[in-house]
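Colleague: File entry16.cif follows (mmCIF, C-alpha atoms):
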data_entry
#
loop_
_atom_site.label_atom_id
_atom_site.label_comp_id
_atom_site.auth_asym_id
_atom_site.auth_seq_id
_atom_site.Cartn_x
_atom_site.Cartn_y
_atom_site.Cartn_z
CA MET H 1 0.00 0.00 0.00
CA SER H 2 1.29 3.43 -0.94
CA GLU H 3 0.18 6.82 0.32
CA LEU H 4 0.52 10.23 -1.26
CA LYS H 5 0.48 13.02 1.33
CA LEU H 6 0.11 16.78 1.08
CA GLN H 7 0.77 18.91 4.15
CA SER H 8 -0.14 22.61 4.23
CA VAL H 9 0.62 23.11 0.52
CA LYS H 10 0.47 26.74 -0.58
CA LYS H 11 0.98 28.18 -4.06
CA SER H 12 0.70 31.73 -5.35
CA PHE H 13 1.24 33.35 -8.72
CA GLY H 14 2.22 36.93 -8.09
CA VAL H 15 -0.32 38.42 -5.70
CA THR H 16 -2.88 35.70 -6.42
CA THR H 17 -2.98 32.84 -3.91
CA VAL H 18 -4.20 29.71 -5.69
CA LEU H 19 -3.65 27.05 -3.00
CA GLN H 20 -4.22 28.04 0.60
CA GLY H 21 -2.60 25.38 2.73
CA VAL H 22 -4.00 22.14 1.32
CA THR H 23 -3.61 19.09 3.57
CA THR H 24 -4.88 15.70 2.42
CA SER H 25 -3.77 12.20 1.45
CA PHE H 26 -4.50 9.55 -1.18
CA SER H 27 -4.19 5.76 -0.86
CA SER H 28 -3.57 2.84 -3.22
CA GLY H 29 -6.57 1.24 -4.92
CA THR H 30 -8.77 4.30 -4.64
CA VAL H 31 -10.18 6.87 -7.06
CA THR H 32 -10.37 10.36 -5.57
CA ALA H 33 -12.21 13.04 -7.54
CA ILE H 34 -11.21 16.67 -7.14
CA VAL H 35 -14.08 18.98 -8.02
CA GLY H 36 -14.62 22.71 -7.95
CA ASP H 37 -15.60 25.71 -10.00
CA ASN H 38 -13.23 27.25 -12.55
CA GLY H 39 -10.32 28.84 -10.69
CA ALA H 40 -10.81 26.71 -7.57
CA GLY H 41 -7.23 25.41 -7.80
CA LYS H 42 -7.83 21.87 -9.09
CA SER H 43 -5.31 21.86 -11.92
CA THR H 44 -2.76 23.83 -9.93
CA LEU H 45 -2.97 21.31 -7.11
CA CYS H 46 -2.43 18.38 -9.45
CA LYS H 47 0.36 20.10 -11.39
CA THR H 48 2.06 20.81 -8.08
CA ILE H 49 1.92 17.11 -7.21
CA ALA H 50 3.33 16.31 -10.68
CA GLY H 51 6.25 18.73 -10.28
CA VAL H 52 5.12 21.25 -12.90
CA TYR H 53 4.90 23.82 -10.09
CA HIS H 54 6.74 23.84 -6.79
CA PRO H 55 4.80 24.79 -3.67
CA ASP H 56 5.72 28.05 -1.97
CA SER H 57 5.46 26.19 1.32
CA GLY H 58 4.27 22.84 2.62
CA LYS H 59 5.29 19.27 1.84
CA ILE H 60 4.37 16.60 -0.69
CA SER H 61 5.51 13.01 -0.24
CA LEU H 62 4.92 9.54 -1.67
CA ASP H 63 5.56 7.05 1.11
CA ASP H 64 9.04 7.97 2.39
CA LEU H 65 10.05 10.00 -0.68
CA SER H 66 9.72 13.79 -0.67
CA LEU H 67 8.28 15.15 -3.94
CA THR H 68 8.19 18.78 -2.83
CA HIS H 69 11.00 20.13 -5.01
CA LEU H 70 11.26 17.48 -7.72
CA SER H 71 11.05 18.30 -11.44
CA PRO H 72 8.36 16.74 -13.67
CA HIS H 73 10.94 14.24 -14.93
CA GLU H 74 11.92 13.31 -11.38
CA THR H 75 8.31 12.91 -10.24
CA ARG H 76 7.67 10.58 -13.18
CA GLU H 77 10.71 8.54 -12.15
CA ALA H 78 9.20 8.43 -8.64
CA GLY H 79 5.95 6.95 -10.01
CA ILE H 80 3.74 9.99 -10.64
CA GLU H 81 2.04 10.21 -14.04
CA MET H 82 -0.35 12.97 -15.12
CA ILE H 83 -2.59 12.90 -18.18
CA TYR H 84 -3.32 16.48 -19.16
CA GLN H 85 -6.58 17.60 -20.70
CA ASP H 86 -4.91 18.18 -24.09
CA LEU H 87 -3.35 14.66 -23.80
CA ALA H 88 0.02 15.89 -25.20
CA LEU H 89 -0.10 13.42 -28.09
CA ALA H 90 1.76 13.87 -31.39
CA LYS H 91 -1.14 13.37 -33.77
CA GLN H 92 0.94 12.82 -36.89
CA HIS H 93 2.80 9.91 -35.28
CA ASP H 94 1.52 6.38 -34.76
CA VAL H 95 0.38 4.67 -31.55
CA VAL H 96 3.72 3.09 -30.61
CA SER H 97 5.64 6.33 -31.17
CA ASN H 98 3.22 8.14 -28.87
CA LEU H 99 3.33 5.49 -26.16
CA TYR H 100 7.12 5.78 -25.94
CA PHE H 101 7.53 9.46 -26.86
CA GLY H 102 10.59 10.78 -25.01
CA ARG H 103 11.32 7.38 -23.45
CA GLU H 104 12.07 5.30 -26.52
CA LYS H 105 13.85 1.96 -26.27
CA THR H 106 17.01 1.52 -28.34
CA ARG H 107 19.03 -1.50 -29.48
CA TRP H 108 22.18 0.58 -29.81
CA PRO H 109 22.81 4.34 -30.10
CA GLY H 110 20.74 5.84 -32.89
CA TRP H 111 18.59 2.74 -33.53
CA LEU H 112 15.10 2.40 -32.07
CA ASP H 113 14.02 -1.01 -30.81
CA ARG H 114 10.68 -0.86 -32.58
CA LYS H 115 10.03 -4.59 -32.15
CA THR H 116 10.26 -4.47 -28.34
CA MET H 117 8.22 -1.27 -28.12
CA SER H 118 5.47 -2.77 -30.30
CA ALA H 119 5.35 -5.99 -28.27
CA GLN H 120 5.14 -4.15 -24.94
CA SER H 121 2.53 -1.78 -26.37
CA ARG H 122 0.32 -4.74 -27.31
CA VAL H 123 0.64 -6.18 -23.82
CA VAL H 124 -0.50 -3.05 -21.98
CA LEU H 125 -3.30 -2.36 -24.47
CA GLU H 126 -4.58 -5.93 -24.14
CA GLN H 127 -4.35 -5.83 -20.33
CA MET H 128 -6.58 -2.76 -20.28
CA GLY H 129 -8.94 -4.03 -22.98
CA ILE H 130 -8.06 -1.16 -25.31
CA LYS H 131 -8.91 -1.97 -28.93
CA LEU H 132 -7.31 0.08 -31.73
CA PRO H 133 -7.31 -0.39 -35.53
CA SER H 134 -3.52 -0.80 -35.64
CA LEU H 135 -0.42 0.20 -33.69
CA ARG H 136 0.70 1.97 -36.86
CA THR H 137 -2.40 4.18 -37.05
CA PRO H 138 -1.58 7.90 -36.73
CA ILE H 139 -3.05 9.22 -33.49
CA GLY H 140 -4.89 11.98 -35.35
CA LEU H 141 -7.03 9.36 -37.11
CA LEU H 142 -8.30 7.86 -33.84
CA SER H 143 -11.48 8.96 -32.06
CA GLY H 144 -11.31 11.14 -28.96
CA GLY H 145 -11.97 8.16 -26.71
CA GLN H 146 -9.26 6.09 -28.40
CA GLN H 147 -6.78 8.94 -28.00
CA GLN H 148 -7.63 9.18 -24.28
CA ALA H 149 -7.12 5.42 -23.98
CA VAL H 150 -3.69 5.72 -25.62
CA ALA H 151 -2.75 8.44 -23.13
CA ILE H 152 -3.77 6.12 -20.27
CA ALA H 153 -1.79 3.22 -21.76
CA ARG H 154 1.26 5.48 -22.16
CA ALA H 155 1.19 6.25 -18.45
CA LEU H 156 0.76 2.57 -17.51
CA LEU H 157 3.74 1.41 -19.58
CA PHE H 158 6.05 2.74 -16.88
CA SER H 159 4.28 1.19 -13.87
CA PRO H 160 3.20 4.34 -12.00
CA THR H 161 2.03 4.43 -8.41
CA VAL H 162 -0.07 7.57 -8.92
CA LEU H 163 -2.09 8.51 -12.00
CA ILE H 164 -3.62 11.99 -12.23
CA MET H 165 -6.25 12.56 -14.91
CA ASP H 166 -7.44 16.03 -15.91
CA GLU H 167 -10.97 15.98 -17.38
CA PRO H 168 -10.57 12.58 -19.12
CA THR H 169 -14.19 12.43 -20.34
CA ALA H 170 -14.51 16.00 -21.58
CA ALA H 171 -15.86 16.32 -25.14
CA LEU H 172 -16.36 12.57 -25.61
CA ALA H 173 -19.40 10.77 -26.95
CA ALA H 174 -21.51 8.78 -24.48
CA ARG H 175 -20.17 5.38 -25.55
CA GLU H 176 -16.58 6.63 -25.32
CA ILE H 177 -17.23 8.04 -21.85
CA GLU H 178 -18.38 4.62 -20.67
CA HIS H 179 -15.21 3.04 -22.01
CA ILE H 180 -12.97 5.57 -20.24
CA LEU H 181 -14.90 5.09 -16.98
CA ASP H 182 -14.36 1.33 -17.33
CA LEU H 183 -10.63 1.96 -17.78
CA ILE H 184 -10.56 4.08 -14.62
CA LYS H 185 -12.17 1.22 -12.70
CA LYS H 186 -9.45 -1.10 -14.01
CA LEU H 187 -6.78 1.34 -12.82
CA LYS H 188 -8.27 1.10 -9.34
CA GLU H 189 -8.26 -2.71 -9.55
CA ARG H 190 -4.55 -2.57 -10.39
CA GLY H 191 -3.96 -0.80 -7.06
CA LEU H 192 -3.06 2.64 -8.39
CA ILE H 193 -3.69 5.89 -6.59
CA VAL H 194 -6.02 7.59 -9.08
CA ILE H 195 -6.76 11.31 -8.85
CA LEU H 196 -9.52 12.51 -11.16
CA ILE H 197 -10.27 16.14 -12.00
CA SER H 198 -13.73 16.45 -13.53
CA HIS H 199 -16.66 18.81 -13.97
CA ARG H 200 -18.88 15.86 -14.90
CA LEU H 201 -20.44 14.83 -11.60
CA ASN H 202 -22.23 11.85 -13.14
CA ASP H 203 -18.82 10.44 -14.07
CA VAL H 204 -17.39 11.33 -10.65
CA PHE H 205 -20.12 9.41 -8.85
CA ALA H 206 -19.79 6.47 -11.27
CA VAL H 207 -16.11 5.71 -10.53
CA SER H 208 -14.92 7.58 -7.43
CA ASP H 209 -14.53 6.36 -3.88
CA ARG H 210 -14.10 9.84 -2.47
CA ILE H 211 -14.77 13.43 -3.52
CA ILE H 212 -12.70 16.45 -2.49
CA ALA H 213 -14.33 19.81 -3.16
CA LEU H 214 -12.08 22.84 -3.61
CA ARG H 215 -13.14 26.44 -3.38
CA SER H 216 -10.69 29.34 -3.73
CA GLY H 217 -7.73 27.04 -3.15
CA SER H 218 -9.04 25.44 0.03
CA ILE H 219 -10.64 22.07 0.70
CA VAL H 220 -14.24 22.78 1.73
CA ALA H 221 -15.44 19.15 1.74
CA ASP H 222 -13.89 15.68 1.71
CA ASN H 223 -16.43 12.86 1.68
CA LEU H 224 -16.81 9.24 0.72
CA VAL H 225 -19.13 8.92 -2.28
CA GLN H 226 -21.68 6.88 -0.35
CA GLU H 227 -21.86 9.58 2.30
CA THR H 228 -22.69 12.50 0.02
CA SER H 229 -24.94 13.38 -2.92
CA MET H 230 -24.69 15.29 -6.15
CA GLN H 231 -26.77 18.09 -4.65
CA ASP H 232 -24.38 18.34 -1.69
CA VAL H 233 -21.35 18.51 -3.95
CA VAL H 234 -22.88 21.24 -6.13
CA ALA H 235 -23.62 23.28 -2.99
CA GLN H 236 -20.05 22.77 -1.73
CA ILE H 237 -18.33 24.01 -4.89
CA MET H 238 -20.57 27.01 -5.50
CA ILE H 239 -19.14 30.37 -4.53
CA ALA H 240 -21.07 31.74 -1.58
#
What would the structure in this file look like if it were written as structure tokens?

Modeller:
Amino acid sequence: MSELKLQSVKKSFGVTTVLQGVTTSFSSGTVTAIVGDNGAGKSTLCKTIAGVYHPDSGKISLDDLSLTHLSPHETREAGIEMIYQDLALAKQHDVVSNLYFGREKTRWPGWLDRKTMSAQSRVVLEQMGIKLPSLRTPIGLLSGGQQQAVAIARALLFSPTVLIMDEPTAALAAREIEHILDLIKKLKERGLIVILISHRLNDVFAVSDRIIALRSGSIVADNLVQETSMQDVVAQIMIA
């Protein structure tokens, strides 16, 4: 069992305070949704965990490892993966190239080990039940849901402990949303710490174990899903 902890995390940009001393924790095998209105601090909180931003004060740790001042590369090495809303996929390149982008395997300097990358890509896609036309299909020719699935598979290739997902079901068709929600459930079954940012409360209640509501950079509610309701959550995130 792993635990991700945040202690009194603060972050400001100029005179604007975005995170106001956030203290919370996340455990293996759970999906925690972070909800809130625009500007509540959701993305900033998750980017701070991922090393994109460094907190002005406070501590972030994964088990016994401090993440507080690590770079994005170092946090990934520590087991933190974040899937951004824009997915950061190279749409002119094929599936395998995107899965290994920036972390390609080589046989010797200057030569990519395409065979190994393709074989390992098939394994992770099959494990997650992700069906694609071909590993050689350019990403730009895949549907939105398929592209999101590739982004999830890319994160899983490197055996993360924590997976942060920013609005994974935004702008998807209903059938694709169901597929992504099923993938999130599988991530939980694999024992990952899953952190989900979403405005779609139906999706949040479908897959989450716990819901953290942020308002103006502070946690205003932290409840198990079975102990709250959609009406309660809407009331919590609304600006008074």

Colleague: Just the residues within 8 Å of region 53-69 of chain H, please, counting all atoms listed in the file, with nothing from its chain fewer than 2 positions along; format it as a PyMOL selection string.

Modeller: chain H and resi 2-12+21+44+47-51+71+75

Colleague: Check which residues satisfy the PyMOL selection byres ((chain H and resi 76) around 12) in the file shown, then give them as a ChimeraX atom specification.

Modeller: /H:49-52,62,67,70-75,77-83,103,155-164

Colleague: Name the residues captured by the PyMOL selection byres ((chain H and resi 176-192) around 10) when it is applied to the shown file; answer as a VMD selection string.

Modeller: chain H and resid 1 to 2 27 to 31 127 to 130 143 to 146 148 to 149 152 to 153 156 159 to 163 165 168 to 175 193 to 196 203 to 204 206 to 209

Colleague: Once the PyMOL selection byres ((chain H and resi 41) around 7) has been evaluated on this model, what residues remain selected, and can you format them as a list of chain:residue names?

Modeller: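 On this input, the PyMOL selection byres ((chain H and resi 41) around 7) captures H:Val18, H:Leu19, H:Gly39, H:Ala40, H:Lys42, H:Ser43, H:Thr44, H:Leu45, H:Leu214, H:Ser216, H:Gly217.
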
Colleague: Produce a file of the selected residues containing C-alpha atoms, as a PDB file, in the frame of the given file.

Modeller:
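Output below, filename selection_4.pdb:
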ATOM      1  CA  VAL H  18      -4.200  29.710  -5.690  1.00  0.00           C
ATOM      2  CA  LEU H  19      -3.650  27.050  -3.000  1.00  0.00           C
ATOM      3  CA  GLY H  39     -10.320  28.840 -10.690  1.00  0.00           C
ATOM      4  CA  ALA H  40     -10.810  26.710  -7.570  1.00  0.00           C
ATOM      5  CA  LYS H  42      -7.830  21.870  -9.090  1.00  0.00           C
ATOM      6  CA  SER H  43      -5.310  21.860 -11.920  1.00  0.00           C
ATOM      7  CA  THR H  44      -2.760  23.830  -9.930  1.00  0.00           C
ATOM      8  CA  LEU H  45      -2.970  21.310  -7.110  1.00  0.00           C
ATOM      9  CA  LEU H 214     -12.080  22.840  -3.610  1.00  0.00           C
ATOM     10  CA  SER H 216     -10.690  29.340  -3.730  1.00  0.00           C
ATOM     11  CA  GLY H 217      -7.730  27.040  -3.150  1.00  0.00           C
TER      12      GLY H 217
END

Colleague: Here is a test: counting all atoms listed in the file, which residue of H:Leu112, H:Leu125, H:Met117, H:Val95 is nearest to Ile139 (chain H)?

Modeller: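 Closest to Ile139 (chain H), using all atoms listed in the file: H:Val95.
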
Colleague: Hey, what's within 6 Å of Asp94 (chain H) if we count all atoms listed in the file and toss same-chain stuff fewer than 5 positions away? As a list in words, please?

Modeller: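 The residues that qualify are Arg136, Thr137, Pro138 and Ile139 of chain H.
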
Colleague: From the options H:Ala235, H:Leu224, H:Val15, H:Ala151, which residue's atoms come nearest to Asp86 (chain H), counting all atoms listed in the file?

Modeller: H:Ala151

Colleague: Looking at only C-alpha atoms, which of H:Asn98, H:Arg210, H:His93, H:Met238 is the one that sits closest to Leu141 (chain H)?

Modeller: H:His93

Colleague: Which one of H:Pro133, H:Gly36, H:Gly102, H:Gly140 sits closest to Ile211 (chain H) if you count all atoms listed in the file?

Modeller: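 Smallest separation from Ile211 (chain H) among the options: H:Gly36.
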
Colleague: Excluding same-chain residues fewer than 6 positions from Arg107 (chain H), what lies within 12 Å of it counting all atoms listed in the file, as a PyMOL selection string?

Modeller: chain H and resi 113-117

Colleague: In Å, how far is it from CA of Glu167 (chain H) to CA of Ser198 (chain H)?

Modeller: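 That distance, rounded to one decimal, is 4.8 Å.
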
Colleague: In Å to one decimal, how far is CA of Asp166 (chain H) from CA of Gly14 (chain H)?

Modeller: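 Calculated distance between CA of Gly14 (chain H) and CA of Asp166 (chain H) is 24.3 Å.
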
Colleague: Just give me the gap between CA of Gln226 (chain H) and CA of Ala33 (chain H) in Å, one decimal is fine.

Modeller: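 Atom-to-atom, CA of Gln226 (chain H) and CA of Ala33 (chain H) are spaced 13.4 Å apart.
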